[in-house]
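Asker: final30.pdb is the file, holding PDB, C-alpha atoms:
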```
ATOM      1  CA  MET A   1      11.757  15.699   0.871
ATOM      2  CA  SER A   2      14.859  17.846   0.986
ATOM      3  CA  PRO A   3      14.341  21.602   0.788
ATOM      4  CA  ALA A   4      15.462  23.652  -2.203
ATOM      5  CA  CYS A   5      19.205  24.002  -2.570
ATOM      6  CA  PRO A   6      21.598  25.708  -4.995
ATOM      7  CA  GLY A   7      21.226  24.103  -8.382
ATOM      8  CA  ASP A   8      17.522  23.235  -7.983
ATOM      9  CA  THR A   9      15.268  24.845 -10.552
ATOM     10  CA  PRO A  10      12.351  26.768  -8.996
ATOM     11  CA  ALA A  11       9.868  24.337 -10.559
ATOM     12  CA  PHE A  12      11.612  21.307  -9.102
ATOM     13  CA  ALA A  13      11.982  22.892  -5.673
ATOM     14  CA  SER A  14       8.308  23.833  -5.536
ATOM     15  CA  ARG A  15       7.110  20.491  -6.797
ATOM     16  CA  SER A  16       9.319  18.549  -4.418
ATOM     17  CA  SER A  17       8.107  20.336  -1.298
ATOM     18  CA  ALA A  18       4.511  19.064  -1.399
ATOM     19  CA  PRO A  19       3.816  15.574  -0.033
ATOM     20  CA  VAL A  20       2.364  12.523  -1.713
ATOM     21  CA  LEU A  21      -0.690  11.509   0.303
ATOM     22  CA  VAL A  22      -1.175   7.786   0.965
ATOM     23  CA  PHE A  23      -4.752   6.795   1.829
ATOM     24  CA  ASP A  24      -6.187   3.601   3.287
ATOM     25  CA  SER A  25      -9.090   2.583   5.464
ATOM     26  CA  GLY A  26      -6.599   1.606   8.169
ATOM     27  CA  VAL A  27      -2.859   1.116   8.535
ATOM     28  CA  GLY A  28      -2.454  -1.434   5.738
ATOM     29  CA  GLY A  29      -1.393   1.376   3.421
ATOM     30  CA  LEU A  30       1.766   1.687   5.491
ATOM     31  CA  SER A  31       3.085  -1.284   3.491
ATOM     32  CA  VAL A  32       2.754   0.834   0.348
ATOM     33  CA  ALA A  33       4.228   3.904   2.044
ATOM     34  CA  ALA A  34       7.222   1.790   3.080
ATOM     35  CA  GLU A  35       7.825   0.691  -0.509
ATOM     36  CA  ILE A  36       7.517   4.252  -1.840
ATOM     37  CA  ARG A  37      10.005   5.402   0.779
ATOM     38  CA  ARG A  38      12.349   2.517  -0.081
ATOM     39  CA  GLN A  39      12.445   3.543  -3.745
ATOM     40  CA  TRP A  40      12.326   7.315  -3.121
ATOM     41  CA  PRO A  41      13.700   7.991   0.370
ATOM     42  CA  GLN A  42      13.721  11.777  -0.021
ATOM     43  CA  LEU A  43      10.081  12.003  -1.114
ATOM     44  CA  SER A  44       7.801  13.783   1.345
ATOM     45  CA  LEU A  45       4.805  11.663   2.349
ATOM     46  CA  ALA A  46       1.586  12.176   4.278
ATOM     47  CA  TYR A  47      -0.797   9.461   5.440
ATOM     48  CA  VAL A  48      -4.524   9.379   6.047
ATOM     49  CA  CYS A  49      -6.669   6.530   7.300
ATOM     50  CA  ASP A  50     -10.422   6.332   7.609
ATOM     51  CA  ASN A  51     -10.144   4.043  10.607
ATOM     52  CA  ALA A  52     -13.472   5.218  12.008
ATOM     53  CA  ALA A  53     -15.096   3.280   9.148
ATOM     54  CA  LEU A  54     -12.780   0.247   9.187
ATOM     55  CA  PRO A  55     -13.201  -2.302   7.640
ATOM     56  CA  TYR A  56     -14.228  -1.086   4.193
ATOM     57  CA  GLY A  57     -14.567  -4.600   2.803
ATOM     58  CA  THR A  58     -17.866  -5.240   4.572
ATOM     59  CA  LYS A  59     -19.523  -1.889   3.806
ATOM     60  CA  PRO A  60     -22.107  -1.318   1.017
ATOM     61  CA  ASP A  61     -20.827   0.323  -2.161
ATOM     62  CA  ASP A  62     -23.373   3.147  -2.221
ATOM     63  CA  TRP A  63     -22.188   4.244   1.231
ATOM     64  CA  LEU A  64     -18.481   3.766   0.580
ATOM     65  CA  ILE A  65     -18.078   5.838  -2.588
ATOM     66  CA  PRO A  66     -19.163   9.226  -1.142
ATOM     67  CA  ARG A  67     -17.383   8.410   2.111
ATOM     68  CA  ILE A  68     -14.074   7.720   0.354
ATOM     69  CA  VAL A  69     -14.373  10.883  -1.709
ATOM     70  CA  GLN A  70     -15.219  12.988   1.343
ATOM     71  CA  VAL A  71     -12.266  11.705   3.363
ATOM     72  CA  CYS A  72      -9.758  12.019   0.535
ATOM     73  CA  VAL A  73     -10.829  15.502  -0.513
ATOM     74  CA  ALA A  74     -10.571  16.727   3.085
ATOM     75  CA  ALA A  75      -7.180  15.067   3.548
ATOM     76  CA  VAL A  76      -5.766  16.490   0.319
ATOM     77  CA  GLU A  77      -6.835  19.950   1.431
ATOM     78  CA  ALA A  78      -5.355  19.482   4.914
ATOM     79  CA  SER A  79      -2.026  18.121   3.685
ATOM     80  CA  GLY A  80      -1.552  20.200   0.534
ATOM     81  CA  ALA A  81      -0.732  16.987  -1.322
ATOM     82  CA  ARG A  82       0.478  16.975  -4.920
ATOM     83  CA  ALA A  83      -0.727  13.414  -5.575
ATOM     84  CA  LEU A  84      -2.979  10.848  -3.930
ATOM     85  CA  VAL A  85      -2.126   7.159  -3.663
ATOM     86  CA  VAL A  86      -5.204   5.084  -2.892
ATOM     87  CA  ALA A  87      -3.427   2.280  -1.029
ATOM     88  CA  CYS A  88      -6.595   0.252  -0.613
ATOM     89  CA  ASN A  89      -7.797  -2.338  -3.114
ATOM     90  CA  THR A  90     -11.423  -2.004  -2.027
ATOM     91  CA  ALA A  91     -11.431   1.772  -2.459
ATOM     92  CA  SER A  92      -9.519   1.599  -5.736
ATOM     93  CA  THR A  93     -11.769  -0.941  -7.408
ATOM     94  CA  LEU A  94     -14.769   1.112  -6.345
ATOM     95  CA  ALA A  95     -14.029   4.841  -6.225
ATOM     96  CA  LEU A  96     -11.103   5.783  -8.503
ATOM     97  CA  THR A  97     -13.348   7.406 -11.103
ATOM     98  CA  ALA A  98     -15.204   9.438  -8.466
ATOM     99  CA  LEU A  99     -11.919  10.538  -6.867
ATOM    100  CA  ARG A 100     -10.426  11.640 -10.168
ATOM    101  CA  GLU A 101     -13.537  13.670 -10.875
ATOM    102  CA  ALA A 102     -13.404  15.314  -7.443
ATOM    103  CA  LEU A 103      -9.667  16.099  -7.315
ATOM    104  CA  SER A 104      -7.361  18.144  -9.517
ATOM    105  CA  ILE A 105      -4.206  16.234  -8.519
ATOM    106  CA  PRO A 106      -3.098  12.831  -9.864
ATOM    107  CA  VAL A 107      -4.820   9.839  -8.264
ATOM    108  CA  ILE A 108      -2.904   6.547  -8.290
ATOM    109  CA  GLY A 109      -4.873   3.420  -7.507
ATOM    110  CA  THR A 110      -4.146  -0.044  -6.186
ATOM    111  CA  VAL A 111      -5.669  -2.984  -7.999
ATOM    112  CA  PRO A 112      -5.150  -6.739  -7.624
ATOM    113  CA  ALA A 113      -1.976  -7.861  -9.409
ATOM    114  CA  ILE A 114      -3.795 -10.298 -11.685
ATOM    115  CA  LYS A 115      -1.588  -9.818 -14.751
ATOM    116  CA  PRO A 116       1.811 -10.390 -13.083
ATOM    117  CA  ALA A 117       0.402 -13.241 -10.982
ATOM    118  CA  ALA A 118      -0.897 -15.016 -14.079
ATOM    119  CA  ALA A 119       2.473 -14.644 -15.803
ATOM    120  CA  LEU A 120       4.293 -15.977 -12.752
ATOM    121  CA  ALA A 121       1.898 -18.909 -12.369
ATOM    122  CA  ARG A 122       2.503 -19.879 -15.990
ATOM    123  CA  ALA A 123       6.257 -19.677 -15.499
ATOM    124  CA  ARG A 124       6.180 -21.758 -12.305
ATOM    125  CA  GLN A 125       3.867 -24.458 -13.601
ATOM    126  CA  SER A 126       5.513 -27.867 -13.750
ATOM    127  CA  ALA A 127       6.203 -29.559 -17.067
ATOM    128  CA  ALA A 128       4.094 -32.522 -15.985
ATOM    129  CA  ARG A 129       1.031 -30.355 -15.423
ATOM    130  CA  ARG A 130       1.573 -28.553 -18.732
ATOM    131  CA  GLU A 131       1.763 -31.882 -20.558
ATOM    132  CA  LYS A 132      -1.582 -32.805 -19.026
ATOM    133  CA  CYS A 133      -3.003 -29.464 -20.284
ATOM    134  CA  GLU A 134      -3.868 -28.456 -16.741
ATOM    135  CA  PRO A 135      -4.277 -24.697 -16.211
ATOM    136  CA  PRO A 136      -1.847 -22.611 -14.140
ATOM    137  CA  VAL A 137      -3.277 -22.015 -10.676
ATOM    138  CA  PHE A 138      -3.097 -18.898  -8.539
ATOM    139  CA  ALA A 139      -5.193 -17.359  -5.799
ATOM    140  CA  LEU A 140      -6.482 -13.904  -5.030
ATOM    141  CA  LEU A 141      -6.436 -13.317  -1.283
ATOM    142  CA  ALA A 142      -8.429 -10.160  -0.621
ATOM    143  CA  THR A 143     -11.364  -8.629   1.217
ATOM    144  CA  SER A 144     -14.925  -9.671   0.505
ATOM    145  CA  ALA A 145     -15.501  -6.471  -1.462
ATOM    146  CA  THR A 146     -12.470  -6.871  -3.735
ATOM    147  CA  VAL A 147     -13.136 -10.554  -4.362
ATOM    148  CA  ARG A 148     -16.670  -9.921  -5.586
ATOM    149  CA  ARG A 149     -15.991  -6.689  -7.494
ATOM    150  CA  ALA A 150     -16.854  -6.632 -11.221
ATOM    151  CA  TYR A 151     -13.543  -4.838 -11.833
ATOM    152  CA  THR A 152     -11.699  -7.846 -10.432
ATOM    153  CA  GLU A 153     -13.671 -10.198 -12.659
ATOM    154  CA  GLN A 154     -12.760  -8.111 -15.692
ATOM    155  CA  LEU A 155      -9.046  -8.252 -14.808
ATOM    156  CA  ILE A 156      -9.264 -12.041 -14.625
ATOM    157  CA  ARG A 157     -10.998 -12.239 -18.008
ATOM    158  CA  ASP A 158      -8.451  -9.905 -19.582
ATOM    159  CA  PHE A 159      -5.218 -11.335 -18.168
ATOM    160  CA  ALA A 160      -5.881 -14.789 -16.714
ATOM    161  CA  ALA A 161      -8.518 -16.452 -18.878
ATOM    162  CA  ASP A 162      -6.306 -19.525 -19.220
ATOM    163  CA  CYS A 163      -5.754 -19.856 -15.470
ATOM    164  CA  ARG A 164      -7.640 -21.319 -12.573
ATOM    165  CA  VAL A 165      -8.117 -18.399 -10.195
ATOM    166  CA  ILE A 166      -9.135 -19.182  -6.631
ATOM    167  CA  ARG A 167     -10.729 -16.221  -4.902
ATOM    168  CA  VAL A 168     -10.542 -16.173  -1.101
ATOM    169  CA  ALA A 169     -12.146 -13.517   1.096
ATOM    170  CA  ALA A 170      -9.938 -13.102   4.163
ATOM    171  CA  ASP A 171     -11.406 -10.145   6.039
ATOM    172  CA  PRO A 172     -10.105 -11.366   9.448
ATOM    173  CA  LEU A 173      -6.542 -10.753   8.216
ATOM    174  CA  VAL A 174      -7.260  -7.024   8.026
ATOM    175  CA  ALA A 175      -8.025  -6.884  11.749
ATOM    176  CA  GLU A 176      -5.018  -9.093  12.515
ATOM    177  CA  ALA A 177      -2.633  -6.781  10.654
ATOM    178  CA  GLU A 178      -4.131  -3.760  12.410
ATOM    179  CA  ARG A 179      -3.677  -5.431  15.805
ATOM    180  CA  ARG A 180      -0.041  -6.275  15.187
ATOM    181  CA  LEU A 181       0.898  -2.801  14.017
ATOM    182  CA  ARG A 182      -0.678  -1.425  17.184
ATOM    183  CA  GLY A 183       1.745  -3.594  19.146
ATOM    184  CA  GLU A 184      -0.749  -6.238  20.244
ATOM    185  CA  PRO A 185       0.251  -9.931  20.398
ATOM    186  CA  ALA A 186       0.223 -11.893  17.145
ATOM    187  CA  ARG A 187      -2.480 -14.496  16.642
ATOM    188  CA  PRO A 188      -1.066 -16.952  14.081
ATOM    189  CA  GLU A 189      -4.182 -19.087  14.389
ATOM    190  CA  VAL A 190      -6.168 -16.313  12.666
ATOM    191  CA  VAL A 191      -3.857 -16.480   9.655
ATOM    192  CA  ALA A 192      -3.923 -20.275   9.595
ATOM    193  CA  ALA A 193      -7.735 -20.377   9.718
ATOM    194  CA  SER A 194      -8.074 -17.841   6.899
ATOM    195  CA  LEU A 195      -5.706 -19.849   4.681
ATOM    196  CA  ALA A 196      -6.826 -23.384   5.533
ATOM    197  CA  ASP A 197      -8.608 -23.988   2.223
ATOM    198  CA  LEU A 198      -5.761 -22.522   0.166
ATOM    199  CA  ALA A 199      -3.150 -24.597   1.948
ATOM    200  CA  ALA A 200      -4.946 -27.727   0.757
ATOM    201  CA  VAL A 201      -4.655 -26.807  -2.957
ATOM    202  CA  GLU A 202      -1.707 -28.875  -4.183
ATOM    203  CA  ALA A 203      -1.410 -27.168  -7.579
ATOM    204  CA  LEU A 204      -1.257 -23.645  -6.138
ATOM    205  CA  GLU A 205       1.653 -21.660  -7.613
ATOM    206  CA  VAL A 206       1.082 -18.032  -6.685
ATOM    207  CA  VAL A 207      -0.986 -16.015  -4.200
ATOM    208  CA  ILE A 208      -1.869 -12.370  -4.754
ATOM    209  CA  LEU A 209      -1.910 -10.327  -1.561
ATOM    210  CA  GLY A 210      -4.929  -8.358  -2.744
ATOM    211  CA  CYS A 211      -5.191  -6.082   0.280
ATOM    212  CA  THR A 212      -2.474  -3.684   1.391
ATOM    213  CA  HIS A 213      -2.806  -5.042   4.935
ATOM    214  CA  PHE A 214      -1.690  -8.502   3.857
ATOM    215  CA  PRO A 215       2.012  -7.824   3.094
ATOM    216  CA  LEU A 216       2.298  -6.947   6.780
ATOM    217  CA  LEU A 217       1.502 -10.629   7.436
ATOM    218  CA  GLY A 218       3.668 -11.958   4.622
ATOM    219  CA  ALA A 219       5.944 -14.095   6.805
ATOM    220  CA  ASP A 220       2.975 -15.825   8.449
ATOM    221  CA  ILE A 221       1.240 -16.373   5.115
ATOM    222  CA  SER A 222       4.384 -17.894   3.612
ATOM    223  CA  GLN A 223       4.780 -20.176   6.595
ATOM    224  CA  VAL A 224       1.229 -21.503   6.291
ATOM    225  CA  LEU A 225       1.305 -21.990   2.516
ATOM    226  CA  GLY A 226       4.914 -23.090   2.201
ATOM    227  CA  GLU A 227       7.514 -20.488   1.285
ATOM    228  CA  SER A 228       9.239 -22.695  -1.301
ATOM    229  CA  ARG A 229       5.962 -23.865  -2.823
ATOM    230  CA  VAL A 230       3.977 -20.659  -3.253
ATOM    231  CA  ALA A 231       5.117 -17.218  -4.431
ATOM    232  CA  LEU A 232       3.462 -14.120  -2.949
ATOM    233  CA  VAL A 233       2.704 -11.133  -5.169
ATOM    234  CA  ASP A 234       1.627  -7.652  -4.057
ATOM    235  CA  SER A 235       1.324  -4.246  -5.707
ATOM    236  CA  GLY A 236       3.626  -2.142  -3.499
ATOM    237  CA  ALA A 237       6.649  -1.962  -5.802
ATOM    238  CA  ALA A 238       4.485  -1.297  -8.864
ATOM    239  CA  ILE A 239       2.672   1.535  -7.063
ATOM    240  CA  ALA A 240       5.971   3.148  -6.093
ATOM    241  CA  ARG A 241       7.150   2.982  -9.707
ATOM    242  CA  ARG A 242       3.863   4.486 -10.856
ATOM    243  CA  VAL A 243       4.268   7.368  -8.394
ATOM    244  CA  ALA A 244       7.673   8.066  -9.922
ATOM    245  CA  GLU A 245       6.220   8.018 -13.448
ATOM    246  CA  VAL A 246       3.304  10.298 -12.606
ATOM    247  CA  LEU A 247       5.477  12.820 -10.762
ATOM    248  CA  ALA A 248       8.367  12.536 -13.231
ATOM    249  CA  LEU A 249      10.800  11.617 -10.473
ATOM    250  CA  GLY A 250      13.577  11.008 -12.949
ATOM    251  CA  ALA A 251      17.335  10.815 -12.674
ATOM    252  CA  ALA A 252      17.746  14.583 -12.455
ATOM    253  CA  ALA A 253      15.439  14.866  -9.449
ATOM    254  CA  GLN A 254      17.086  11.913  -7.775
ATOM    255  CA  ALA A 255      20.548  13.335  -8.409
ATOM    256  CA  ALA A 256      19.521  16.687  -6.928
ATOM    257  CA  ASP A 257      18.252  14.993  -3.773
ATOM    258  CA  GLN A 258      21.436  12.947  -3.464
ATOM    259  CA  GLN A 259      23.578  16.055  -3.945
ATOM    260  CA  PHE A 260      21.662  17.862  -1.215
ATOM    261  CA  ALA A 261      21.843  14.858   1.112
ATOM    262  CA  GLN A 262      25.610  14.598   0.667
ATOM    263  CA  ALA A 263      26.072  18.310   1.345
ATOM    264  CA  ALA A 264      23.835  18.118   4.414
ATOM    265  CA  GLN A 265      25.770  15.124   5.701
ATOM    266  CA  GLN A 266      29.068  16.967   5.337
ATOM    267  CA  VAL A 267      27.729  19.997   7.193
ATOM    268  CA  ALA A 268      26.401  17.757   9.963
ATOM    269  CA  GLN A 269      29.734  16.010  10.353
ATOM    270  CA  GLU A 270      31.577  19.329  10.633
ATOM    271  CA  ALA A 271      29.092  20.534  13.235
ATOM    272  CA  GLU A 272      29.581  17.392  15.291
ATOM    273  CA  GLN A 273      33.309  17.931  15.312
ATOM    274  CA  GLN A 274      32.895  21.528  16.516
ATOM    275  CA  VAL A 275      30.208  20.861  19.112
ATOM    276  CA  ALA A 276      30.781  17.436  20.612
ATOM    277  CA  GLN A 277      27.973  17.806  23.138
ATOM    278  CA  ALA A 278      25.349  19.055  20.723
ATOM    279  CA  VAL A 279      21.924  17.448  21.013
ATOM    280  CA  GLN A 280      20.894  15.687  17.836
ATOM    281  CA  PRO A 281      17.591  16.834  16.268
ATOM    282  CA  ALA A 282      14.690  14.433  16.184
ATOM    283  CA  PRO A 283      14.207  12.651  12.824
ATOM    284  CA  HIS A 284      11.728  14.228  10.430
ATOM    285  CA  GLU A 285       8.210  12.937  10.883
ATOM    286  CA  HIS A 286       5.683  12.872   8.088
ATOM    287  CA  MET A 287       2.158  14.215   8.584
ATOM    288  CA  ALA A 288      -0.620  11.760   9.468
ATOM    289  CA  LEU A 289      -4.387  12.204   9.595
ATOM    290  CA  ALA A 290      -7.116   9.890  10.868
ATOM    291  CA  THR A 291     -10.877   9.977  11.216
ATOM    292  CA  ASP A 292     -10.373   8.403  14.663
ATOM    293  CA  ALA A 293      -7.096   9.914  15.839
ATOM    294  CA  ARG A 294      -7.574   8.603  19.383
ATOM    295  CA  GLN A 295      -7.665   4.922  18.425
ATOM    296  CA  PRO A 296      -5.396   3.003  20.830
ATOM    297  CA  GLY A 297      -2.139   1.989  19.222
ATOM    298  CA  LEU A 298      -2.608   4.038  16.058
ATOM    299  CA  ALA A 299       0.229   6.437  16.853
ATOM    300  CA  THR A 300       2.520   3.456  17.469
ATOM    301  CA  ALA A 301       1.658   1.942  14.099
ATOM    302  CA  LEU A 302       2.225   5.220  12.267
ATOM    303  CA  ALA A 303       5.494   5.880  14.083
ATOM    304  CA  SER A 304       6.811   2.514  12.892
ATOM    305  CA  GLN A 305       6.947   3.999   9.384
ATOM    306  CA  GLY A 306       8.125   7.485  10.334
ATOM    307  CA  PHE A 307       4.770   9.254  10.552
ATOM    308  CA  ALA A 308       3.846  11.734  13.264
ATOM    309  CA  ALA A 309       1.045  11.198  15.762
ATOM    310  CA  PRO A 310      -2.244  11.478  13.850
ATOM    311  CA  GLN A 311      -4.223  14.673  13.636
ATOM    312  CA  ALA A 312      -8.006  14.387  13.671
ATOM    313  CA  LEU A 313      -9.730  14.648  10.298
ATOM    314  CA  ALA A 314     -13.350  15.670  10.645
ATOM    315  CA  CYS A 315     -15.732  13.607   8.563
ATOM    316  CA  ASP A 316     -19.504  13.188   8.604
ATOM    317  CA  ASP A 317     -20.789   9.745   9.529
TER     318      ASP A 317
END
```
Go ahead and render the structure in this file as structure tokens.

Answerer:
Amino acid sequence: MSPACPGDTPAFASRSSAPVLVFDSGVGGLSVAAEIRRQWPQLSLAYVCDNAALPYGTKPDDWLIPRIVQVCVAAVEASGARALVVACNTASTLALTALREALSIPVIGTVPAIKPAAALARARQSAARREKCEPPVFALLATSATVRRAYTEQLIRDFAADCRVIRVAADPLVAEAERRLRGEPARPEVVAASLADLAAVEALEVVILGCTHFPLLGADISQVLGESRVALVDSGAAIARRVAEVLALGAAAQAADQQFAQAAQQVAQEAEQQVAQAVQPAPHEHMALATDARQPGLATALASQGFAAPQALACDD
């Protein structure tokens, strides 16, 4: 985020200096961070991953809840965050209440996009299938934990009772996304195997990417399912909009950032003209934390989205 400049009110300058902390079990939350940065490029971000406990989707609930709270509380303290984005469907469907009780800052969750997926499936359904009174069909592609969660079942009852919802646990895709962001070779056969049953569903209209890792594999998923046949839905854009609502990142704040950016650009251009051989400063890097900061390839994955090399975050096993 840009520093305070003439014309900023003290409240805005202070509020804008603290980062929004994005949390995930691994690097899947980088897909959410990328969308937040796309909508609000001047917003300061920090990132924390509990990669020492990855994957969350296969862990028992009674172990996960205190673990998630412990990691997030420590990371908020270390980063001085003004808001926490839980960029993990498993953690959100399980621990949002506990996190909001433990923290004094806003906590923004990530839940499966059942409502928009149901609306899109209805809109995409063919006239022939509607005439036959067949239900709209969409799928929830998620981790084992999210697929079986009571919260997910309630969302389906509330917003998709008239739809056929196919729930697919695709835990291997989490590891595949992690591998690719670390710079390891892609394994398209892993994606194909995880989607084999879905690909055979002729009436499929929409697939929810119900894990923040999965948008990182969006091109592969579209290729397997048929890009023209099936629409993919994820929560990244909605989360970014929610961040803006919670933090009141309105037109005035955006205008102030743009004004500062324009002034900074002008100053930089004048400096370049005066000092042709000047060395350009390194781009700003956002803070990153990890429970296993030495994991091979983690720094590479974080750097791909503008985050610094991870600092170790101590956490009890």

Asker: Which residues, named as in the file, does the PyMOL selection byres ((chain A and resi 49) around 8) pick out? Answer as a PyMOL selection string.

Answerer: chain A and resi 23-27+47-48+50-51+289-291

Asker: What's the separation between CA of Phe307 in chain A and CA of Ser222 in chain A, in Å to one decimal place?

Answerer: 28.0 Å

Asker: What gap, in Å, lies between CA of Ala308 in chain A and CA of Val174 in chain A?

Answerer: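 Interatomic distance here is 22.4 Å.
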
Asker: Quick one: distance from CA of Ser17 in chain A to CA of His213 in chain A in Å, one decimal?

Answerer: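 Interatomic distance, CA of Ser17 in chain A to CA of His213 in chain A: 28.3 Å.
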
Asker: Name the closest residue to Ala113 in chain A among the candidates A:Glu131, A:Asp234, A:Asp220, A:Asp61; distances are taken between atoms, counting all atoms listed in the file.

Answerer: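 Distance minimum relative to Ala113 in chain A lands on A:Asp234.
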
Asker: Near Gly218 in chain A, counting only C-alpha atoms, which residues have an atom at most 12 Å away, once you skip same-chain residues fewer than 6 positions from it, shown as a ChimeraX atom specification?

Answerer: /A:31,141,173,177,188,191,207-212,224-227,230-234

Asker: On this file, the PyMOL selection byres ((chain A and resi 120-125) around 7) gives some set of residues; write that set as a list in words.

Answerer: Pro116, Ala117, Ala118, Ala119, Ser126, Ala127, Arg129, Arg130, Pro136, Val137, Phe138, Glu205 and Val206 of chain A

Asker: Take the point (-10.5, -11.2, 9.7) in the file's coordinates, draw a sphere of radius 10 Å around it, and report as a PyMOL selection string every protein, DNA or RNA residue with an atom inside or on it, counting only C-alpha atoms.

Answerer: chain A and resi 55+143+169-177+190-191+193-194

Asker: Please tell me which residues are no farther than 12 Å from (-0.2, 4.7, -7.9) in the file, counting only C-alpha atoms, and write them as a ChimeraX atom specification.

Answerer: /A:20-23,29,32-33,35-36,83-89,92,96,106-111,235-247

Asker: In terms of the shortest atom-to-atom distance over all atoms listed in the file, which of A:Ala46, A:Leu298, A:Ile221, A:Ala150 is closest to Ala34 in chain A?

Answerer: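 Of A:Ala46, A:Leu298, A:Ile221, A:Ala150, the one nearest Ala34 in chain A is A:Ala46, counting all atoms listed in the file.
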
Asker: Could you spell out the hits of the PyMOL selection byres ((chain A and resi 68) around 10) on the shown file, as a PyMOL selection string?

Answerer: chain A and resi 23-25+50+53+56+63-67+69-73+86+91-92+94-96+98-99

Asker: For a quick check of understanding, using all atoms listed in the file, which of A:Ala81, A:Leu216, A:Val168, A:Ala199 has the smallest distance to Ser144 in chain A?

Answerer: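 When distances to Ser144 in chain A are compared using all atoms listed in the file, the smallest one comes from A:Val168.
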
Asker: Using only C-alpha atoms, which of the listed residues (A:Ile114, A:Ala248, A:Ala102, A:Leu30) sits closest to Leu155 in chain A?

Answerer: A:Ile114

Asker: Quick one: of A:Leu43, A:Ala299, A:Ala309, A:Cys163, who's nearest to Cys133 in chain A, counting only C-alpha atoms?

Answerer: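 Distance minimum relative to Cys133 in chain A lands on A:Cys163.
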
Asker: Tell me which protein, DNA and RNA residues are within 8 Å of Ala301 in chain A, counting only C-alpha atoms, leaving out same-chain ones fewer than 5 positions away, and put them as a PDB file with C-alpha atoms, keeping the file's coordinate frame.

Answerer:
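What ended up in result31.pdb:
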```
ATOM      1  CA  VAL A  27      -2.859   1.116   8.535  1.00  0.00           C
ATOM      2  CA  LEU A 181       0.898  -2.801  14.017  1.00  0.00           C
ATOM      3  CA  ARG A 182      -0.678  -1.425  17.184  1.00  0.00           C
ATOM      4  CA  GLY A 183       1.745  -3.594  19.146  1.00  0.00           C
TER       5      GLY A 183
END
```

Asker: For Ala18 in chain A, which of A:Ala128, A:Met287, A:Cys315, A:Val165 is the closest residue, counting all atoms listed in the file?

Answerer: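 Closest to Ala18 in chain A, using all atoms listed in the file: A:Met287.
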